[in-house]
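J.: The structure's right below; bear with me while I get my questions together.
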Amino acid sequence: MKSDRKPEAADRGNGTGDPGGPTGLDALDHRLIHALQLDGRAPFSRIAAVLGVSDQTVARRYTRHRTHGMLKVLGLPNAQALGEVQWLVRVQCTPDAAVAVAEALARRPDTSWVSLMSGGTEISAVCRAVSSDHSDVLLLQKLPRTPSVIGVTAHCQLHQFYGGPQGLISKSGALTDEQIARLSPPPPDPAAAPVILTDADRRLFDVLARGGRTPLAELAAATGWSPTTVRRRFAELRANGVLYYDVDYDLRQFGYGVMVALWLSVEPARLAAAGEAMAAHPEVAYACATTGPNNLFASVLCRDVGAVYTYLTTRVAALTGVRSMESAPRIRHIKGPGPLFSAGHAAPGRRR
């Protein structure tokens, strides 16, 4: 049932909440983003009840920021739950070709998180493969033959410490523990049978990658299923941990101005502890163990370069077992978490 309460003062932009501009994000928007990260398809009425505002306010906030490109809900497949292999790829290019190569990588449906790093001569990306047997198409056949590519290195993700369904917004304190508990879906069932995606499932994910809140009728039309079947399949995919929601939003509105990729070499006996410690750092958006001489990778987001220095000399310096570290700043974001890439569209600053 919809609330008949009047819009809150914060929604009217009177200085107590909404900063007044059509695209600014305030504290209520931060709570909304956190709620959507937990459950991207949660009804606005449910979110509103937890946040203590009217559902009209939540709907207006969401529609306004989605229309202005400030946030977007995505429904994505969980590579780990599907048994897929993820590769962290680093491509070295000549300066004149880096943007073109990065955009070509971004157009591939099996890539995500494509960025230009360092001085504009290195590209970082994540490449997904159904299994290790299918990893060679991009890594061994396509990239080395690309003109102006000087070198390619790839590191297989062995274990994810933080990321995926766990967004950086989860560390912001936007929601209380009680609110998080009310909005969080049940955890994946460890006893659930493995999921094998059908062609209809893939069509479902194709639509959800464009909009995680796409209406049920449109999802039914895309898959050929009835709305009841779509709803049931949603429940199955969530119960198995195969489907999760992510929110693409502009991190500049949260005060983050610098993203730095870190590659650490950690003693094997200390790797798990170091990875778990980094996962708890409020600056870390993503952390995983990988193959290669640098066996711990993390994406770090800070306010500015001074904050990066402070992070490296305090939290990272306190980690035990770290033998060496390499860092590289991101200078341009090309593609985010989803499989889709829109050339010429400037993506929001992202958390990874």
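To be explicit about the labels: the chains of the structure tokens are called A, B, and onward in the order shown, and within each one the residues are counted from 1, while ligands get numbers from 1 in the order they are shown.
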Please identify all polymer residues within 12 Å of A:Tyr286, counting only C-alpha atoms, omitting same-chain residues fewer than 6 positions from it, and present them as a ChimeraX atom specification.

T.: /A:113,157,159-169,171,259-263,275-276,278-280,296-301,337,350-352

J.: Taking the backbone alone, and naming residues the way the document does, which bits of stretch 97-309 of chain A are helix (DSSP H, G or I) by DSSP, as a VMD selection string?

T.: chain A and resid 98 to 106 132 to 134 136 to 145 168 to 171 177 to 183 199 to 210 216 to 223 227 to 239 251 to 254 268 to 280 305 to 309

J.: Using C-alpha atoms, can you write the selected residues to a file as a PDB file, in the first residue's frame?

T.:
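The file below, part_2.pdb, is the result:
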```
ATOM      1  CA  ALA A  98      45.662   2.886 -26.142  1.00  0.00           C
ATOM      2  CA  VAL A  99      42.172   4.410 -26.334  1.00  0.00           C
ATOM      3  CA  ALA A 100      41.245   2.469 -29.473  1.00  0.00           C
ATOM      4  CA  VAL A 101      42.468  -0.819 -28.012  1.00  0.00           C
ATOM      5  CA  ALA A 102      40.658  -0.131 -24.728  1.00  0.00           C
ATOM      6  CA  GLU A 103      37.394   0.584 -26.523  1.00  0.00           C
ATOM      7  CA  ALA A 104      37.805  -2.545 -28.645  1.00  0.00           C
ATOM      8  CA  LEU A 105      38.272  -4.550 -25.441  1.00  0.00           C
ATOM      9  CA  ALA A 106      35.229  -2.862 -23.910  1.00  0.00           C
ATOM     10  CA  SER A 132      40.062 -22.421 -18.346  1.00  0.00           C
ATOM     11  CA  ASP A 133      39.767 -24.233 -21.686  1.00  0.00           C
ATOM     12  CA  HIS A 134      38.085 -21.157 -23.209  1.00  0.00           C
ATOM     13  CA  ASP A 136      42.864 -18.591 -24.827  1.00  0.00           C
ATOM     14  CA  VAL A 137      40.597 -16.891 -27.368  1.00  0.00           C
ATOM     15  CA  LEU A 138      41.219 -13.387 -26.053  1.00  0.00           C
ATOM     16  CA  LEU A 139      44.483 -13.888 -24.197  1.00  0.00           C
ATOM     17  CA  LEU A 140      46.435 -15.888 -26.762  1.00  0.00           C
ATOM     18  CA  GLN A 141      44.775 -15.227 -30.103  1.00  0.00           C
ATOM     19  CA  LYS A 142      43.162 -11.793 -30.220  1.00  0.00           C
ATOM     20  CA  LEU A 143      45.265  -9.381 -28.159  1.00  0.00           C
ATOM     21  CA  PRO A 144      48.804 -10.379 -29.218  1.00  0.00           C
ATOM     22  CA  ARG A 145      47.828  -9.893 -32.858  1.00  0.00           C
ATOM     23  CA  LEU A 168      31.847  -0.042  -1.735  1.00  0.00           C
ATOM     24  CA  ILE A 169      28.603   1.606  -0.625  1.00  0.00           C
ATOM     25  CA  SER A 170      28.306  -1.267   1.872  1.00  0.00           C
ATOM     26  CA  LYS A 171      31.223   0.269   3.808  1.00  0.00           C
ATOM     27  CA  ASP A 177      22.786  -2.729  10.674  1.00  0.00           C
ATOM     28  CA  GLU A 178      19.069  -3.015  11.382  1.00  0.00           C
ATOM     29  CA  GLN A 179      18.167  -1.447   8.028  1.00  0.00           C
ATOM     30  CA  ILE A 180      20.628  -3.717   6.231  1.00  0.00           C
ATOM     31  CA  ALA A 181      19.056  -6.772   7.859  1.00  0.00           C
ATOM     32  CA  ARG A 182      15.563  -5.679   6.770  1.00  0.00           C
ATOM     33  CA  LEU A 183      16.627  -5.100   3.159  1.00  0.00           C
ATOM     34  CA  ASP A 199      19.444 -19.679 -23.737  1.00  0.00           C
ATOM     35  CA  ALA A 200      16.426 -18.091 -22.060  1.00  0.00           C
ATOM     36  CA  ASP A 201      18.522 -17.386 -18.965  1.00  0.00           C
ATOM     37  CA  ARG A 202      21.123 -15.659 -21.126  1.00  0.00           C
ATOM     38  CA  ARG A 203      18.425 -13.514 -22.709  1.00  0.00           C
ATOM     39  CA  LEU A 204      17.221 -12.688 -19.214  1.00  0.00           C
ATOM     40  CA  PHE A 205      20.705 -11.560 -18.166  1.00  0.00           C
ATOM     41  CA  ASP A 206      21.109  -9.577 -21.393  1.00  0.00           C
ATOM     42  CA  VAL A 207      18.082  -7.480 -20.444  1.00  0.00           C
ATOM     43  CA  LEU A 208      19.038  -7.202 -16.771  1.00  0.00           C
ATOM     44  CA  ALA A 209      22.495  -5.935 -17.767  1.00  0.00           C
ATOM     45  CA  ARG A 210      20.731  -2.976 -19.383  1.00  0.00           C
ATOM     46  CA  LEU A 216       8.419  -8.285 -15.438  1.00  0.00           C
ATOM     47  CA  ALA A 217       6.381  -8.066 -18.661  1.00  0.00           C
ATOM     48  CA  GLU A 218       9.467  -7.027 -20.663  1.00  0.00           C
ATOM     49  CA  LEU A 219      11.522  -9.829 -19.147  1.00  0.00           C
ATOM     50  CA  ALA A 220       8.781 -12.317 -20.028  1.00  0.00           C
ATOM     51  CA  ALA A 221       8.739 -11.067 -23.627  1.00  0.00           C
ATOM     52  CA  ALA A 222      12.535 -11.355 -23.896  1.00  0.00           C
ATOM     53  CA  THR A 223      12.707 -14.873 -22.487  1.00  0.00           C
ATOM     54  CA  PRO A 227       5.651 -13.675 -15.794  1.00  0.00           C
ATOM     55  CA  THR A 228       5.146 -16.410 -13.200  1.00  0.00           C
ATOM     56  CA  THR A 229       8.038 -18.416 -14.641  1.00  0.00           C
ATOM     57  CA  VAL A 230      10.270 -15.331 -14.705  1.00  0.00           C
ATOM     58  CA  ARG A 231       9.466 -14.639 -11.047  1.00  0.00           C
ATOM     59  CA  ARG A 232      10.199 -18.239 -10.113  1.00  0.00           C
ATOM     60  CA  ARG A 233      13.472 -18.224 -12.062  1.00  0.00           C
ATOM     61  CA  PHE A 234      14.489 -15.023 -10.290  1.00  0.00           C
ATOM     62  CA  ALA A 235      14.036 -16.807  -6.965  1.00  0.00           C
ATOM     63  CA  GLU A 236      16.083 -19.804  -8.141  1.00  0.00           C
ATOM     64  CA  LEU A 237      18.962 -17.708  -9.481  1.00  0.00           C
ATOM     65  CA  ARG A 238      19.093 -15.646  -6.296  1.00  0.00           C
ATOM     66  CA  ALA A 239      18.928 -18.749  -4.077  1.00  0.00           C
ATOM     67  CA  LEU A 251      31.649   8.148  -6.983  1.00  0.00           C
ATOM     68  CA  ARG A 252      32.573  11.803  -7.179  1.00  0.00           C
ATOM     69  CA  GLN A 253      29.321  12.429  -5.328  1.00  0.00           C
ATOM     70  CA  PHE A 254      30.755  10.377  -2.451  1.00  0.00           C
ATOM     71  CA  PRO A 268      51.862 -17.494   0.818  1.00  0.00           C
ATOM     72  CA  ALA A 269      51.379 -18.177   4.516  1.00  0.00           C
ATOM     73  CA  ARG A 270      50.152 -14.593   4.997  1.00  0.00           C
ATOM     74  CA  LEU A 271      48.070 -14.250   1.806  1.00  0.00           C
ATOM     75  CA  ALA A 272      44.661 -15.158   3.261  1.00  0.00           C
ATOM     76  CA  ALA A 273      45.094 -12.904   6.280  1.00  0.00           C
ATOM     77  CA  ALA A 274      46.320  -9.999   4.149  1.00  0.00           C
ATOM     78  CA  GLY A 275      43.436 -10.391   1.701  1.00  0.00           C
ATOM     79  CA  GLU A 276      40.846 -10.521   4.471  1.00  0.00           C
ATOM     80  CA  ALA A 277      42.389  -7.466   6.120  1.00  0.00           C
ATOM     81  CA  MET A 278      42.288  -5.497   2.857  1.00  0.00           C
ATOM     82  CA  ALA A 279      38.683  -6.534   2.288  1.00  0.00           C
ATOM     83  CA  ALA A 280      37.805  -4.735   5.522  1.00  0.00           C
ATOM     84  CA  VAL A 305      46.491  11.572  -3.913  1.00  0.00           C
ATOM     85  CA  GLY A 306      47.309  12.681  -0.381  1.00  0.00           C
ATOM     86  CA  ALA A 307      44.749  10.230   0.953  1.00  0.00           C
ATOM     87  CA  VAL A 308      46.289   7.505  -1.217  1.00  0.00           C
ATOM     88  CA  TYR A 309      49.672   8.187   0.369  1.00  0.00           C
TER      89      TYR A 309
END
```

J.: Give me the residues near A:Ala97 as an NGL selection string, where near means some atom within 10 Å (using only C-alpha atoms) and where sequence neighbours in that chain fewer than 6 positions away do not count.

T.: :A and (120-121 or 147-149)

J.: Mind writing the picked residues with all heavy atoms as an mmCIF file, in the first residue's frame?

T.:
```cif
data_model
loop_
_atom_site.group_PDB
_atom_site.id
_atom_site.type_symbol
_atom_site.label_atom_id
_atom_site.label_comp_id
_atom_site.auth_asym_id
_atom_site.auth_seq_id
_atom_site.Cartn_x
_atom_site.Cartn_y
_atom_site.Cartn_z
ATOM 1 N N GLY A 120 48.631 6.353 -19.599
ATOM 2 C CA GLY A 120 47.827 6.191 -20.795
ATOM 3 C C GLY A 120 48.360 5.153 -21.745
ATOM 4 O O GLY A 120 47.888 5.040 -22.885
ATOM 5 N N THR A 121 49.350 4.374 -21.311
ATOM 6 C CA THR A 121 49.909 3.332 -22.172
ATOM 7 C C THR A 121 49.553 1.929 -21.688
ATOM 8 O O THR A 121 49.944 0.952 -22.308
ATOM 9 C CB THR A 121 51.441 3.456 -22.243
ATOM 10 O OG1 THR A 121 51.982 3.330 -20.929
ATOM 11 C CG2 THR A 121 51.845 4.788 -22.850
ATOM 12 N N PRO A 147 47.438 -4.659 -33.584
ATOM 13 C CA PRO A 147 48.502 -3.684 -33.838
ATOM 14 C C PRO A 147 48.688 -2.737 -32.645
ATOM 15 O O PRO A 147 47.751 -2.386 -31.953
ATOM 16 C CB PRO A 147 47.977 -2.922 -35.061
ATOM 17 C CG PRO A 147 47.042 -3.869 -35.724
ATOM 18 C CD PRO A 147 46.398 -4.639 -34.614
ATOM 19 N N SER A 148 49.909 -2.369 -32.421
ATOM 20 C CA SER A 148 50.291 -1.422 -31.371
ATOM 21 C C SER A 148 50.238 -2.001 -29.964
ATOM 22 O O SER A 148 50.465 -1.279 -28.994
ATOM 23 C CB SER A 148 49.427 -0.151 -31.421
ATOM 24 O OG SER A 148 49.508 0.454 -32.690
ATOM 25 N N VAL A 149 49.922 -3.290 -29.801
ATOM 26 C CA VAL A 149 49.984 -3.925 -28.489
ATOM 27 C C VAL A 149 51.410 -4.407 -28.257
ATOM 28 O O VAL A 149 51.933 -5.242 -28.993
ATOM 29 C CB VAL A 149 48.996 -5.104 -28.385
ATOM 30 C CG1 VAL A 149 49.247 -5.892 -27.103
ATOM 31 C CG2 VAL A 149 47.569 -4.593 -28.421
#
```

J.: Using only C-alpha atoms, which residue out of A:His281, A:Ala174, A:Arg315, A:Arg332 lies closest to A:Val114?

T.: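 Of the candidates, the smallest distance to A:Val114 is held by A:Arg332.
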
J.: Using atom CA of A:Glu326 and atom CA of A:Gly119 as the two end points, give the distance in Å to one decimal.

T.: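 Going from atom CA of A:Glu326 over to atom CA of A:Gly119, I get 14.6 Å.
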
J.: Run DSSP on the backbone of this structure and report the residues of stretch 22-211 of chain A it assigns to strand (DSSP E or B), as an MDAnalysis selection string.

T.: chainID A and resid 71:77 85:93 111:117 122:129 149:162
